[in-house]
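Undergrad: Please find one structure pasted underneath; my questions will follow.
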Amino acid sequence: MTLHCTRLAALENKETALDLVLLHGWGMGSNVWQGWLPLLRQRFNLHLIDLPGYGGSDEKVPYQYDAIVAAIINVAPSSGIYLGYSLGGMLAVKLAAQHPEKVTALILLATNTKFVADAQWPWAMPETVFQQFHTSLNAKPQQALSRFMGLQIQGGGEQKTLLKAIRSLAEPVTDGTLCSSLDLLASLNITADINSLTLPALMMFGENDNLVPVAVAEHFSNLALDIETVESAPHAFFISHAQTTLDKIQQFLVKKNIASSLARDKKQVARSFSRAAETYDGVAEFQRLVGKRLLDFLPEINAETVLDLGCGTGFFTPQLQSHYPGSNIVGLDLAEGMVRYSSARQLGNWLCADAESLPLAANSIDIIYSSLAIQWCENNTELFSEIFRVLKPGGRFIFSTLGPQSLHELRSAWSVVDDYVHVNRFAAKELLLVAIKRAGFDNQHNSAWLEEMITLQYSSLRELTWELKGIGAHNVNSGRPVGLMGRQRMQAFMQGYEQQRNSEGLLPASYQVWYGVLGKPLLSDVIGQS
C-alpha cells in the first residue's frame, strides 16, 4: 500500500537544493499546490504526496494517522523539510514526533492542534458548526466540498478571483475519501506532539482565516516555535499571498541556519559589479550620499589598520586615509573588476575576496568601514562572524546597508504583472540582529542603529533603470524571470509604475537605509562577564 508522490527537481542548483515534502489538507489533493510551484521550484526539490484517495493515491491505506505516517515515510526522501497545510500539517507533526531524524524542519500552514473545539481548546471550529458540516457532507458531499473551498479563501480579498483559482485546482475525490479524511481531521489532537518538538518549526496563520482562528497563535508564545501571521489573508494564504508566504518561510529557514539568506548567486553579483566598474562613479550619487553620511559615524580612536569592506571603485578609501592618517588602509571587494579599477588609479592595498571568508588574521583590524555592501552577502551569520573574528578587541564595525522596503515602488509595479522576483530583496532587520548576536556582538557595545528613508526622483523609468544598470545593481535573486520579457508584461509594469508619479510629475524610487555601529568587546569585558 503506497501513496502517490510527484517529484519535481529545483529549477536551479538541484544538486544542492533542499528537499521539501508537501502534504495537502482536507478536500483537495496535491494539485492544490499547482499555482505555488513556480516559486517553490526556484529554491527546493519538491515531493508532492497525495493522501489516501486523493490525486494519484488509491484508498487502500486506512485513514489512521499511524498507517498514513508510515505510508508517507515510504515515499518521502530520507530527510527533508516537511510543509503541511491544515490536515497535512497535523500529520506532519505526528510524523516528526515519531521520526524526528527524517525531518529537518516543520512548516505548518493554517494548522491547529485540534480542528474541533472542546473545553480545553476553544480556539477551533465549534462542535455544533462541525457537526452541521459533517451532516451536510453525508447528505450532499460535493456540495459540502464546494462550500469548503469557499471557506478556504474567504477573507482574502478578491473573492471571485480566488474562488475561481481554487476551484480550478480541484480534482475528483470519492465521497468515501471525503468522509474518512474528515473523521481523521476531527479526531486528531497534536497538542502533546507540538509540545514535545525539539526540531525547528514554523507555524503560519492567515489573519482573516475563518477555519483556524488567528487567536491560536497567541497560545503558542511560550513554546519553542516560530509564529508568523500573514496579514489580510484567508485559510489558503499560500494561494492568495504566495510570495509573502514563501518570503516568511525563507526567512525562517535562514534564521535556523537551514538555508542561505537570499538564495543569491554571488558569482553573478561579482560579475555584475565588475562590468559596472567603468560607469559606477558617474551614476552613484545615492551611494556617495550614504557613504558620506556613514563617515560621520567613524570613531575618534587610534587605528593601525582600517578595512574598507566592499570598497567598490575605492572612492571612500582616500577619505578613510584622511580620517586616520598614518593608518594602513585596506580596500576589499568581491568584484575583481572593481578591485582592478581601484588599484589602477590609486596606490593602496587592495584585495579581491568574499566578506564571508576574509583572508585576514584574527584580531587584526581596528576599524571596518562598509557602505552599501553587506546587503549583497549570502549568509549573514558567516558575514558577521568573520567581521567579529578579524576585529581587534575594542574594534568597531561601521556599516550602512539596505532594508527590504528598498525600491518598493518597483516591486509594487511588478506585482500586478506576475509573481517573479524582479527587484533585489534584502534581509529583514530581525535576521541581521540574530546574526549579529550570534557572532558575539552585544547591545552594550552597539552605539548606533539608525534608519533613514531616502527617496530619489526621476523624470522617466528609463532614467532609473539606466542608473541601476550603471552601478551594477542587477536583479540576481533566485525567483527572477528567465528569458525575454514579453511586450504586454513590460507595458503592464510600466503602466503600474506610471501610476506612482507624484504631484511634481516625477517617479519616486525609495531606499530603506540602515546605519549601524558594532563594537567588539574588550577582552577585559569578556572576562568580567564570565
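Here, A, B, ... name the chains of the C-alpha cells in the order displayed, residue numbers run from 1 inside each chain, and ligands are numbered from 1 in the same displayed order.
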Would you write out, as JSON lines, a table of all residues in range 270-335 of chain A that have an atom no more than 12 Å from an atom of range 348-357 of chain A, listing for each the closest atom pair and the distance in Å to one decimal, considering only C-alpha atoms and ordering rows by chain and rising residue number?
TA:
{"residue": "A:Ala270", "atom": "CA", "partner": "A:Asp354", "partner_atom": "CA", "distance": 9.7}
{"residue": "A:Ser274", "atom": "CA", "partner": "A:Cys352", "partner_atom": "CA", "distance": 11.1}
{"residue": "A:Thr305", "atom": "CA", "partner": "A:Asn349", "partner_atom": "CA", "distance": 11.0}
{"residue": "A:Val306", "atom": "CA", "partner": "A:Asn349", "partner_atom": "CA", "distance": 10.7}
{"residue": "A:Leu307", "atom": "CA", "partner": "A:Asn349", "partner_atom": "CA", "distance": 9.8}
{"residue": "A:Asp308", "atom": "CA", "partner": "A:Trp350", "partner_atom": "CA", "distance": 9.5}
{"residue": "A:Leu309", "atom": "CA", "partner": "A:Ala355", "partner_atom": "CA", "distance": 7.3}
{"residue": "A:Gly310", "atom": "CA", "partner": "A:Ala355", "partner_atom": "CA", "distance": 7.9}
{"residue": "A:Cys311", "atom": "CA", "partner": "A:Trp350", "partner_atom": "CA", "distance": 9.0}
{"residue": "A:Gly312", "atom": "CA", "partner": "A:Cys352", "partner_atom": "CA", "distance": 10.3}
{"residue": "A:Thr313", "atom": "CA", "partner": "A:Trp350", "partner_atom": "CA", "distance": 10.7}
{"residue": "A:Gly314", "atom": "CA", "partner": "A:Trp350", "partner_atom": "CA", "distance": 9.2}
{"residue": "A:Thr317", "atom": "CA", "partner": "A:Gly348", "partner_atom": "CA", "distance": 8.8}
{"residue": "A:Pro318", "atom": "CA", "partner": "A:Gly348", "partner_atom": "CA", "distance": 9.2}
{"residue": "A:Leu320", "atom": "CA", "partner": "A:Gly348", "partner_atom": "CA", "distance": 11.9}
{"residue": "A:Gln321", "atom": "CA", "partner": "A:Gly348", "partner_atom": "CA", "distance": 10.1}
{"residue": "A:Ser327", "atom": "CA", "partner": "A:Gly348", "partner_atom": "CA", "distance": 11.3}
{"residue": "A:Asn328", "atom": "CA", "partner": "A:Asn349", "partner_atom": "CA", "distance": 8.2}
{"residue": "A:Ile329", "atom": "CA", "partner": "A:Asn349", "partner_atom": "CA", "distance": 6.8}
{"residue": "A:Val330", "atom": "CA", "partner": "A:Asn349", "partner_atom": "CA", "distance": 4.9}
{"residue": "A:Gly331", "atom": "CA", "partner": "A:Trp350", "partner_atom": "CA", "distance": 4.8}
{"residue": "A:Leu332", "atom": "CA", "partner": "A:Leu351", "partner_atom": "CA", "distance": 4.6}
{"residue": "A:Asp333", "atom": "CA", "partner": "A:Cys352", "partner_atom": "CA", "distance": 5.2}
{"residue": "A:Leu334", "atom": "CA", "partner": "A:Ala353", "partner_atom": "CA", "distance": 5.0}
{"residue": "A:Ala335", "atom": "CA", "partner": "A:Cys352", "partner_atom": "CA", "distance": 6.7}
Undergrad: Please produce an output containing C-alpha atoms for each residue in the selection, written as a compact mmCIF listing (two decimals), in the first residue's frame.
TA:
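Output below, filename again18.txt:
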# COMPACT_ATOMS: atom_id res chain seq x y z
CA ALA A 270 30.64 39.84 -8.67
CA SER A 274 32.80 44.09 -12.24
CA THR A 305 44.64 49.13 10.26
CA VAL A 306 41.34 50.12 8.63
CA LEU A 307 39.39 47.90 6.24
CA ASP A 308 37.15 49.37 3.53
CA LEU A 309 34.83 46.39 3.12
CA GLY A 310 33.08 46.41 -0.25
CA CYS A 311 35.31 49.25 -1.42
CA GLY A 312 33.96 49.29 -4.99
CA THR A 313 35.96 51.80 -7.04
CA GLY A 314 37.82 52.93 -3.92
CA THR A 317 39.36 54.80 0.68
CA PRO A 318 41.30 58.10 0.45
CA LEU A 320 39.39 56.96 5.32
CA GLN A 321 43.12 57.66 4.98
CA SER A 327 46.96 54.03 9.25
CA ASN A 328 47.22 51.09 6.88
CA ILE A 329 44.06 51.27 4.73
CA VAL A 330 42.98 48.05 3.00
CA GLY A 331 40.32 48.02 0.28
CA LEU A 332 38.45 44.74 -0.26
CA ASP A 333 35.73 43.85 -2.74
CA LEU A 334 34.12 40.71 -4.14
CA ALA A 335 34.15 42.07 -7.71
Undergrad: Skip Ile49 in chain A itself and residues of its chain fewer than 5 positions away, then list as an MDAnalysis selection string all residues within 9 Å of it, counting only C-alpha atoms.
TA: chainID A and resid 3:7 21:24 29:30 55:57 72 75:76
Undergrad: Using only C-alpha atoms, can you tell me which of A:Ser181, A:Ser510, A:Ser385, A:Ser400 comes closest to Trp449 in chain A?
TA: A:Ser400
Undergrad: Considering only C-alpha atoms, return as a list in words whatever protein or nucleic-acid residues lie within 7 Å of range 79-87 of chain A, sequence-local ones (same chain, fewer than 6 positions apart) excluded.
TA: Asp19, Leu20, Val21, Leu22, Leu23, His24, Gly25, Trp26, Lys102, Val103, Thr104, Ala105, Leu106, Ile107, Leu108, Leu109, Ala110, Thr111 and Leu185 of chain A
Undergrad: Please give the complete set of residues from range 213-379 of chain A that DSSP, run on the backbone, assigns to strand (DSSP E or B), formatted as a ChimeraX atom specification.
TA: /A:226-230,264,305-309,328-333,349-352,365-371
Undergrad: May I have the residues from that selection written out with C-alpha atoms, as an mmCIF file, in the first residue's frame?
TA:
data_model
loop_
_atom_site.group_PDB
_atom_site.id
_atom_site.type_symbol
_atom_site.label_atom_id
_atom_site.label_comp_id
_atom_site.auth_asym_id
_atom_site.auth_seq_id
_atom_site.Cartn_x
_atom_site.Cartn_y
_atom_site.Cartn_z
ATOM 1 C CA ASP A 226 8.338 30.414 15.358
ATOM 2 C CA ILE A 227 4.968 32.076 14.706
ATOM 3 C CA GLU A 228 4.103 34.167 11.652
ATOM 4 C CA THR A 229 0.817 35.790 10.648
ATOM 5 C CA VAL A 230 0.071 36.707 7.036
ATOM 6 C CA ARG A 264 21.596 34.791 -4.435
ATOM 7 C CA THR A 305 44.642 49.127 10.263
ATOM 8 C CA VAL A 306 41.343 50.119 8.630
ATOM 9 C CA LEU A 307 39.387 47.901 6.236
ATOM 10 C CA ASP A 308 37.149 49.372 3.528
ATOM 11 C CA LEU A 309 34.830 46.385 3.122
ATOM 12 C CA ASN A 328 47.223 51.093 6.881
ATOM 13 C CA ILE A 329 44.058 51.274 4.727
ATOM 14 C CA VAL A 330 42.978 48.049 3.001
ATOM 15 C CA GLY A 331 40.319 48.019 0.276
ATOM 16 C CA LEU A 332 38.453 44.742 -0.256
ATOM 17 C CA ASP A 333 35.726 43.853 -2.738
ATOM 18 C CA ASN A 349 46.428 47.705 -0.506
ATOM 19 C CA TRP A 350 43.669 46.012 -2.492
ATOM 20 C CA LEU A 351 42.157 42.584 -2.023
ATOM 21 C CA CYS A 352 39.600 40.670 -4.101
ATOM 22 C CA ILE A 365 41.660 45.187 12.205
ATOM 23 C CA ASP A 366 40.805 48.284 14.256
ATOM 24 C CA ILE A 367 38.069 49.762 12.072
ATOM 25 C CA ILE A 368 35.910 48.168 9.391
ATOM 26 C CA TYR A 369 34.005 50.670 7.243
ATOM 27 C CA SER A 370 31.403 49.250 4.857
ATOM 28 C CA SER A 371 28.888 51.337 2.936
#
Undergrad: Which residue, A:Leu182, A:Glu382, A:Leu358, A:Gly206, has the smallest gap to Val434 in chain A when you use only C-alpha atoms?
TA: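 That would be A:Glu382, the residue with the smallest distance to Val434 in chain A.
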Undergrad: Quick one: residues within 6 Å of Pro126 in chain A, only C-alpha atoms counted, chain neighbours fewer than 2 positions away excluded, as a list in words?
TA: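 Final neighbour list, sorted by chain and number: Ala117, Thr128 and Val129 of chain A.
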